[in-house]
Amino acid sequence: MGVDVLLGLQWGDEGKGKIVDVLTPLYDVVARFQGGPNAGHTIEFEGKKFVLHTIPSGIFNPKCINIIGNGVIIDPAILQKEIINLESSGVEVTKNLFVSRKAHLILPSHRLIDAASEFSKGLQKIGSTLKGIGPTYTDKTARNGLRVGDVSVPDFFEKYTASKNRHLQTVAQLGFDYTNHMIDGFDFETYEKRWFASLELLKKLNHIDSEYFINDLLQKGKNVLAEGAQGSLLDVDFGSYPFVTSSNTTIAGVCSGLGIAPSKIGKVYGIFKAYCTRVGSGPFPTELLDADGENMRKTGNEFGSTTGRPRRCGWLDLPALNYAIMLNGVTDLIMMKADVLDGFKTINVAVAYQYEGKRIAYLPFDATDGKLVPVYSEITGWNCKVTELKEKDGLPVDLENYIHFIENEVKTPVTIVSTGPDRTQIVYR
């Protein structure tokens with residue numbers, strides 16, 4: 001058996017959590033391979049809404065093994081809160097949740113560095129979620145990180161203190177007064193106490209050597225779905241650098257984040273919205289700063305599931321989508337939030353850019369705001385409520401035409417269309 005992969009193809013927030021939840025009955029294992037609690041995967045069913053930040057989206061299937069891989073970074077306090085919220089809703093978590101010993105820990109002082117770094121950048125800030133993601137990955141690559149397996153060693157507190165002191169020196173050098181900074185409504189010392197208390201729950205979880213664990217499952221014939229976080233255009237190598245996250249969000253992150261060989265990769269599901277959104281700073285060629293953009297934001301409830309920040313909205317960008325498909329070797333496309341465009345009589349789709357006096361259909365090295373001017377094709381909207389459709393109804397002709405147009409441009413089939421937020425609002429093509 002191989003590992004199928006589900007990835008976001010835009011700037012995150014594509015709806016990966018819902019699709020993992022929909023696909024989970026087909027898999028024995030769901031594994032997160034990168035990112036941290038800056039991700040927010042939203043799942044809705046039976047009138048309930050859940051937002052997962054660290055735990056894989058297969059957790060709602062009691063028969064599914066859920067793995068937090070070595071490429072994921074974990075804030076124990078956020079993980080504890082997530083587990084408590086799920087269990088209070090009747091979801092059994094700890095039995096089927098397995099955590100890699102090699103997954104790195106986000107320390108409270110990592111969050112201070114994150115805030116201090118953004119503060120020092122002023123108007124040039126990245127738009128960080130302030131969850132400590134960047135500083136944690138920095139410590140990982142600098143070989144200074146603490147990992148899940150470290151919480152069980154006798155000198156853990158000494159290791160923690162050394163890291164904390166080093167971080168506080170960095171914060172002081174950036175001129176940031178952390179005594180006046182609040183983290184999740186708590187001051188640093190209060191948050192630190194909460195963080196240490198949460199380690200007791202972390203210690204009780206199933207700790208695994210995930211690379212052996214997952215390869216053993218594959219040898220036993222288990223079906224594995226690897227769940228990505230954020231989106232391909234936020235990849236630290238191939239995204240809109242420096243306005244990116246700190247991990248590899250593309251297919252390459254699966255192998256390094258779980259410990260599997262490239263030959264084990266099977267299907268690659270690429271998730272994209274019928275339009276585009278972005279949170280935080282960075283280039284966004286098709287962004288709409290008018291009533292259409294505001295309509296998308298309100299209709300699609302485009303506010304960050306992790307930060308609550310309003311998302312920037314714009315038309316679908318096919319050169320960017322093609323780029324993400326190429327990087328990931330996508331075999332199946334899944335289009336989300338078709339219902340958000342129900343009210344548009346006409347829909348624009350970017351098919352190319354004007355860049356330095358030339359028409360191009362690729363993302364150049366210097367893709368800063370204003371340099372790429374989208375070239376649009378106009379398509380007739382479907383002007384009906386697709387949320388009310390049943391599977392047997394199929395899709396409206398004009399929506400099918402929109403999908404065919406996309407497929408023709410990107411040479412990849414759209415096999416699933418989401419017509420609403422609930423797990424049941426799905427049409428298979």
# chains A, B, ... in the order shown; residues from 1 in each chain; ligands from 1
>>> residues_around(residues="Asn215 of chain A", least_positions_apart="5", cutoff="9 Å", atoms="only C-alpha atoms", output="NGL selection string")
:A and (210 or 220 or 259-260)
>>> residues_around(residues="segment 226-239 of chain A", least_positions_apart="4", cutoff="7 Å", atoms="only C-alpha atoms", output="VMD selection string")
chain A and resid 3 to 13 30 to 35 39 244 to 250 324
>>> select_by_dssp(residues="segment 63-277 of chain A", states="helix (DSSP H, G or I)", output="JSON, numbers by chain")
{"A": [76, 77, 78, 79, 80, 81, 82, 83, 84, 85, 86, 87, 88, 94, 95, 96, 108, 109, 110, 111, 112, 113, 114, 115, 116, 117, 118, 119, 120, 121, 122, 123, 124, 133, 134, 135, 136, 137, 138, 139, 140, 141, 148, 149, 150, 151, 152, 156, 157, 158, 159, 160, 161, 162, 163, 164, 165, 166, 167, 168, 169, 170, 171, 172, 173, 178, 179, 180, 188, 189, 190, 191, 192, 193, 194, 195, 196, 197, 198, 199, 200, 201, 202, 203, 204, 210, 211, 212, 213, 214, 215, 216, 217, 218, 219, 232, 233, 234, 252, 253, 254, 255, 256, 257, 258, 262, 263, 264]}
>>> residues_around(residues="segment 378-395 of chain A", least_positions_apart="2", cutoff="8 Å", atoms="only C-alpha atoms", output="PyMOL selection string")
chain A and resi 338-339+341-349+376+397-400+402+419-420+425-428
>>> write_last_selection(atoms="C-alpha atoms", output="mmCIF file, in the first residue's frame")
data_model
loop_
_atom_site.group_PDB
_atom_site.id
_atom_site.type_symbol
_atom_site.label_atom_id
_atom_site.label_comp_id
_atom_site.auth_asym_id
_atom_site.auth_seq_id
_atom_site.Cartn_x
_atom_site.Cartn_y
_atom_site.Cartn_z
ATOM 1 C CA ALA A 338 -18.257 26.762 -5.253
ATOM 2 C CA ASP A 339 -21.321 28.016 -3.356
ATOM 3 C CA LEU A 341 -19.747 32.338 -6.162
ATOM 4 C CA ASP A 342 -23.483 31.533 -6.475
ATOM 5 C CA GLY A 343 -24.488 35.193 -6.698
ATOM 6 C CA PHE A 344 -22.015 36.330 -9.353
ATOM 7 C CA LYS A 345 -23.476 36.858 -12.846
ATOM 8 C CA THR A 346 -19.989 36.779 -14.331
ATOM 9 C CA ILE A 347 -16.762 35.349 -12.904
ATOM 10 C CA ASN A 348 -13.239 36.355 -13.820
ATOM 11 C CA VAL A 349 -10.372 33.878 -13.968
ATOM 12 C CA TYR A 376 -8.627 37.714 -17.105
ATOM 13 C CA VAL A 397 -24.409 23.584 -16.569
ATOM 14 C CA ASP A 398 -22.633 26.904 -16.050
ATOM 15 C CA LEU A 399 -20.739 25.549 -13.033
ATOM 16 C CA GLU A 400 -19.727 22.513 -15.104
ATOM 17 C CA TYR A 402 -16.453 26.786 -15.196
ATOM 18 C CA THR A 419 -21.046 22.866 -2.420
ATOM 19 C CA GLY A 420 -21.201 23.948 1.239
ATOM 20 C CA GLN A 425 -22.294 18.864 0.801
ATOM 21 C CA ILE A 426 -20.081 17.081 -1.718
ATOM 22 C CA VAL A 427 -20.516 16.206 -5.395
ATOM 23 C CA TYR A 428 -18.297 13.515 -6.948
#
>>> closest_residue(among="A:Pro62, A:Gly17, A:Pro154, A:Pro374", to="Ile360 of chain A", atoms="only C-alpha atoms")
A:Pro374
>>> residues_around(residues="Ile265 of chain A", least_positions_apart="3", cutoff="12 Å", atoms="only C-alpha atoms", output="JSON list (two decimals) with N, CA and C atoms, in the first residue's frame")
[["chain", "number", "residue", "atom", "x", "y", "z"],
["A", 1, "MET", "N", 0.84, -1.19, 0.00],
["A", 1, "MET", "CA", 0.00, 0.00, 0.00],
["A", 1, "MET", "C", 0.88, 1.25, 0.00],
["A", 2, "GLY", "N", 0.36, 2.34, -0.55],
["A", 2, "GLY", "CA", 1.11, 3.59, -0.59],
["A", 2, "GLY", "C", 0.51, 4.64, 0.32],
["A", 3, "VAL", "N", 1.08, 5.83, 0.23],
["A", 3, "VAL", "CA", 0.60, 6.97, 1.01],
["A", 3, "VAL", "C", -0.02, 7.98, 0.04],
["A", 4, "ASP", "N", -1.31, 8.18, 0.14],
["A", 4, "ASP", "CA", -1.95, 9.24, -0.61],
["A", 4, "ASP", "C", -1.78, 10.54, 0.16],
["A", 5, "VAL", "N", -1.76, 11.64, -0.57],
["A", 5, "VAL", "CA", -1.44, 12.93, 0.04],
["A", 5, "VAL", "C", -2.52, 13.95, -0.31],
["A", 6, "LEU", "N", -2.89, 14.76, 0.68],
["A", 6, "LEU", "CA", -3.83, 15.84, 0.46],
["A", 6, "LEU", "C", -3.15, 17.16, 0.80],
["A", 218, "LEU", "N", 2.45, 0.46, 6.75],
["A", 218, "LEU", "CA", 2.42, 0.28, 5.30],
["A", 218, "LEU", "C", 2.73, -1.17, 4.93],
["A", 223, "ASN", "N", -3.88, 1.59, 4.60],
["A", 223, "ASN", "CA", -4.00, 2.76, 3.74],
["A", 223, "ASN", "C", -3.72, 4.02, 4.54],
["A", 224, "VAL", "N", -2.83, 4.88, 4.04],
["A", 224, "VAL", "CA", -2.41, 6.08, 4.77],
["A", 224, "VAL", "C", -2.74, 7.32, 3.95],
["A", 225, "LEU", "N", -3.33, 8.31, 4.61],
["A", 225, "LEU", "CA", -3.54, 9.62, 4.00],
["A", 225, "LEU", "C", -2.69, 10.65, 4.75],
["A", 226, "ALA", "N", -1.80, 11.31, 4.04],
["A", 226, "ALA", "CA", -0.96, 12.36, 4.64],
["A", 226, "ALA", "C", -1.68, 13.70, 4.48],
["A", 251, "ILE", "N", 4.76, 18.61, -1.65],
["A", 251, "ILE", "CA", 4.87, 17.15, -1.56],
["A", 251, "ILE", "C", 6.17, 16.70, -0.92],
["A", 252, "ALA", "N", 7.25, 17.48, -1.07],
["A", 252, "ALA", "CA", 8.54, 17.10, -0.50],
["A", 252, "ALA", "C", 8.47, 16.98, 1.02],
["A", 253, "GLY", "N", 7.59, 17.79, 1.65],
["A", 253, "GLY", "CA", 7.47, 17.75, 3.10],
["A", 253, "GLY", "C", 6.90, 16.46, 3.63],
["A", 254, "VAL", "N", 6.21, 15.70, 2.78],
["A", 254, "VAL", "CA", 5.62, 14.43, 3.22],
["A", 254, "VAL", "C", 6.71, 13.44, 3.61],
["A", 255, "CYS", "N", 7.72, 13.33, 2.75],
["A", 255, "CYS", "CA", 8.79, 12.35, 2.99],
["A", 255, "CYS", "C", 9.62, 12.73, 4.21],
["A", 258, "LEU", "N", 7.40, 12.62, 7.65],
["A", 258, "LEU", "CA", 6.87, 11.35, 8.15],
["A", 258, "LEU", "C", 7.91, 10.24, 8.14],
["A", 259, "GLY", "N", 8.96, 10.40, 7.34],
["A", 259, "GLY", "CA", 9.97, 9.35, 7.26],
["A", 259, "GLY", "C", 9.60, 8.24, 6.30],
["A", 260, "ILE", "N", 9.03, 8.62, 5.16],
["A", 260, "ILE", "CA", 8.68, 7.63, 4.13],
["A", 260, "ILE", "C", 9.45, 7.94, 2.85],
["A", 261, "ALA", "N", 9.66, 6.93, 2.04],
["A", 261, "ALA", "CA", 10.38, 7.09, 0.78],
["A", 261, "ALA", "C", 9.47, 7.69, -0.29],
["A", 262, "PRO", "N", 10.04, 8.46, -1.25],
["A", 262, "PRO", "CA", 9.22, 9.04, -2.33],
["A", 262, "PRO", "C", 8.45, 7.98, -3.11],
["A", 268, "VAL", "N", -2.19, 12.11, -5.28],
["A", 268, "VAL", "CA", -1.96, 13.42, -4.69],
["A", 268, "VAL", "C", -3.21, 14.27, -4.95],
["A", 269, "TYR", "N", -3.98, 14.48, -3.88],
["A", 269, "TYR", "CA", -5.17, 15.31, -3.97],
["A", 269, "TYR", "C", -4.78, 16.77, -3.75],
["A", 328, "ASN", "N", 3.69, 19.63, -7.07],
["A", 328, "ASN", "CA", 3.20, 18.54, -6.25],
["A", 328, "ASN", "C", 2.85, 17.27, -7.02],
["A", 329, "GLY", "N", 2.85, 17.34, -8.35],
["A", 329, "GLY", "CA", 2.44, 16.17, -9.12],
["A", 329, "GLY", "C", 1.01, 15.77, -8.83],
["A", 330, "VAL", "N", 0.12, 16.75, -8.77],
["A", 330, "VAL", "CA", -1.27, 16.50, -8.39],
["A", 330, "VAL", "C", -1.94, 15.57, -9.40],
["A", 331, "THR", "N", -2.65, 14.57, -8.88],
["A", 331, "THR", "CA", -3.39, 13.63, -9.73],
["A", 331, "THR", "C", -4.88, 13.93, -9.76]]
>>> residues_around(residues="segment 133-144 of chain A", least_positions_apart="5", cutoff="7 Å", atoms="only C-alpha atoms", output="PyMOL selection string")
chain A and resi 36+106+110+113-114+246
>>> closest_residue(among="A:Gly300, A:Pro25, A:Gly282, A:Gly293", to="Phe243 of chain A", atoms="only C-alpha atoms")
A:Gly282
>>> closest_atom_pairs(of="segment 271-343 of chain A", to="segment 363-372 of chain A", cutoff="8 Å", atoms="only C-alpha atoms", output="CSV")
residue,atom,partner,partner_atom,distance
A:Gly282,CA,A:Asp369,CA,7.2
A:Pro283,CA,A:Asp369,CA,4.6
A:Phe284,CA,A:Asp369,CA,6.6
A:Pro285,CA,A:Leu372,CA,5.9
A:Pro319,CA,A:Leu363,CA,7.1
A:Ala320,CA,A:Leu363,CA,6.8
A:Tyr323,CA,A:Leu363,CA,7.5
>>> residues_around(residues="segment 203-206 of chain A", least_positions_apart="4", cutoff="8 Å", atoms="only C-alpha atoms", output="ChimeraX atom specification")
/A:94-95,97-99,151-152,199
>>> write_last_selection(atoms="C-alpha atoms", output="PDB file, in the first residue's frame")
ATOM      1  CA  THR A  94      -6.072   9.872  23.146  1.00  0.00           C
ATOM      2  CA  LYS A  95      -6.696   6.231  22.202  1.00  0.00           C
ATOM      3  CA  LEU A  97      -3.655   9.673  18.634  1.00  0.00           C
ATOM      4  CA  PHE A  98       0.055   8.929  18.197  1.00  0.00           C
ATOM      5  CA  VAL A  99       2.784  11.566  18.506  1.00  0.00           C
ATOM      6  CA  VAL A 151      10.056  15.760  28.011  1.00  0.00           C
ATOM      7  CA  SER A 152      10.811  12.323  29.477  1.00  0.00           C
ATOM      8  CA  LEU A 199       3.248  18.637  29.631  1.00  0.00           C
TER       9      LEU A 199
END
>>> residues_around(residues="Asn85 of chain A", least_positions_apart="6", cutoff="12 Å", atoms="only C-alpha atoms", output="number ranges by chain")
A: 49-53, 55, 78-79, 91-93
>>> closest_residue(among="A:Pro396, A:Pro421, A:Thr161, A:Asp332", to="Thr299 of chain A", atoms="only C-alpha atoms")
A:Pro421
>>> closest_residue(among="A:Ala352, A:Ile271, A:Ala197, A:Leu288", to="Ile325 of chain A", atoms="only C-alpha atoms")
A:Ile271
>>> select_by_dssp(residues="segment 159-329 of chain A", states="strand (DSSP E)", output="number ranges by chain")
A: 206-208, 224-227, 265-273, 276-278, 312-314, 316-317
>>> write_last_selection(atoms="N, CA and C atoms", output="mmCIF file, in the first residue's frame")
data_model
loop_
_atom_site.group_PDB
_atom_site.id
_atom_site.type_symbol
_atom_site.label_atom_id
_atom_site.label_comp_id
_atom_site.auth_asym_id
_atom_site.auth_seq_id
_atom_site.Cartn_x
_atom_site.Cartn_y
_atom_site.Cartn_z
ATOM 1 N N ASN A 206 0.355 8.642 23.334
ATOM 2 C CA ASN A 206 1.125 7.551 22.734
ATOM 3 C C ASN A 206 2.314 8.130 21.972
ATOM 4 N N HIS A 207 3.517 8.013 22.540
ATOM 5 C CA HIS A 207 4.720 8.498 21.867
ATOM 6 C C HIS A 207 5.291 7.373 20.999
ATOM 7 N N ILE A 208 5.662 7.717 19.774
ATOM 8 C CA ILE A 208 6.135 6.699 18.829
ATOM 9 C C ILE A 208 7.379 7.175 18.092
ATOM 10 N N VAL A 224 -2.831 4.876 4.044
ATOM 11 C CA VAL A 224 -2.415 6.079 4.774
ATOM 12 C C VAL A 224 -2.741 7.324 3.953
ATOM 13 N N LEU A 225 -3.325 8.313 4.610
ATOM 14 C CA LEU A 225 -3.542 9.623 3.998
ATOM 15 C C LEU A 225 -2.694 10.646 4.752
ATOM 16 N N ALA A 226 -1.797 11.314 4.041
ATOM 17 C CA ALA A 226 -0.963 12.362 4.636
ATOM 18 C C ALA A 226 -1.680 13.701 4.478
ATOM 19 N N GLU A 227 -1.848 14.394 5.591
ATOM 20 C CA GLU A 227 -2.607 15.649 5.615
ATOM 21 C C GLU A 227 -1.667 16.837 5.742
ATOM 22 N N ILE A 265 4.667 7.301 -2.360
ATOM 23 C CA ILE A 265 3.597 8.251 -2.638
ATOM 24 C C ILE A 265 2.656 7.708 -3.714
ATOM 25 N N GLY A 266 1.353 7.784 -3.460
ATOM 26 C CA GLY A 266 0.348 7.326 -4.421
ATOM 27 C C GLY A 266 -0.392 8.503 -5.029
ATOM 28 N N LYS A 267 -1.682 8.596 -4.748
ATOM 29 C CA LYS A 267 -2.478 9.713 -5.260
ATOM 30 C C LYS A 267 -2.085 11.009 -4.546
ATOM 31 N N VAL A 268 -2.188 12.109 -5.284
ATOM 32 C CA VAL A 268 -1.964 13.424 -4.689
ATOM 33 C C VAL A 268 -3.214 14.269 -4.945
ATOM 34 N N TYR A 269 -3.976 14.484 -3.883
ATOM 35 C CA TYR A 269 -5.170 15.311 -3.966
ATOM 36 C C TYR A 269 -4.782 16.775 -3.749
ATOM 37 N N GLY A 270 -5.123 17.640 -4.691
ATOM 38 C CA GLY A 270 -4.847 19.060 -4.568
ATOM 39 C C GLY A 270 -6.130 19.834 -4.326
ATOM 40 N N ILE A 271 -6.182 20.559 -3.209
ATOM 41 C CA ILE A 271 -7.387 21.296 -2.830
ATOM 42 C C ILE A 271 -7.239 22.758 -3.231
ATOM 43 N N PHE A 272 -8.266 23.317 -3.865
ATOM 44 C CA PHE A 272 -8.257 24.742 -4.176
ATOM 45 C C PHE A 272 -9.665 25.298 -4.063
ATOM 46 N N LYS A 273 -9.751 26.571 -3.738
ATOM 47 C CA LYS A 273 -11.040 27.247 -3.719
ATOM 48 C C LYS A 273 -11.417 27.678 -5.130
ATOM 49 N N CYS A 276 -9.733 32.831 -4.743
ATOM 50 C CA CYS A 276 -8.499 32.826 -3.944
ATOM 51 C C CYS A 276 -8.664 33.646 -2.671
ATOM 52 N N THR A 277 -7.972 33.237 -1.612
ATOM 53 C CA THR A 277 -7.882 34.046 -0.398
ATOM 54 C C THR A 277 -6.457 34.022 0.114
ATOM 55 N N ARG A 278 -6.144 35.016 0.915
ATOM 56 C CA ARG A 278 -4.834 35.056 1.561
ATOM 57 C C ARG A 278 -4.968 35.802 2.893
ATOM 58 N N ARG A 312 -7.981 38.294 2.760
ATOM 59 C CA ARG A 312 -8.022 39.004 1.488
ATOM 60 C C ARG A 312 -8.638 38.051 0.444
ATOM 61 N N CYS A 313 -9.483 38.579 -0.423
ATOM 62 C CA CYS A 313 -10.197 37.735 -1.383
ATOM 63 C C CYS A 313 -9.976 38.216 -2.813
ATOM 64 N N GLY A 314 -10.004 37.295 -3.757
ATOM 65 C CA GLY A 314 -9.826 37.649 -5.163
ATOM 66 C C GLY A 314 -10.210 36.511 -6.082
ATOM 67 N N LEU A 316 -9.888 33.508 -9.013
ATOM 68 C CA LEU A 316 -9.016 32.348 -9.177
ATOM 69 C C LEU A 316 -7.827 32.700 -10.068
ATOM 70 N N ASP A 317 -6.643 32.253 -9.657
ATOM 71 C CA ASP A 317 -5.382 32.543 -10.348
ATOM 72 C C ASP A 317 -4.849 31.241 -10.945
#
>>> atom_distance(atom1="atom CA of Ala291 of chain A", atom2="atom CA of Asp422 of chain A")
26.6 Å
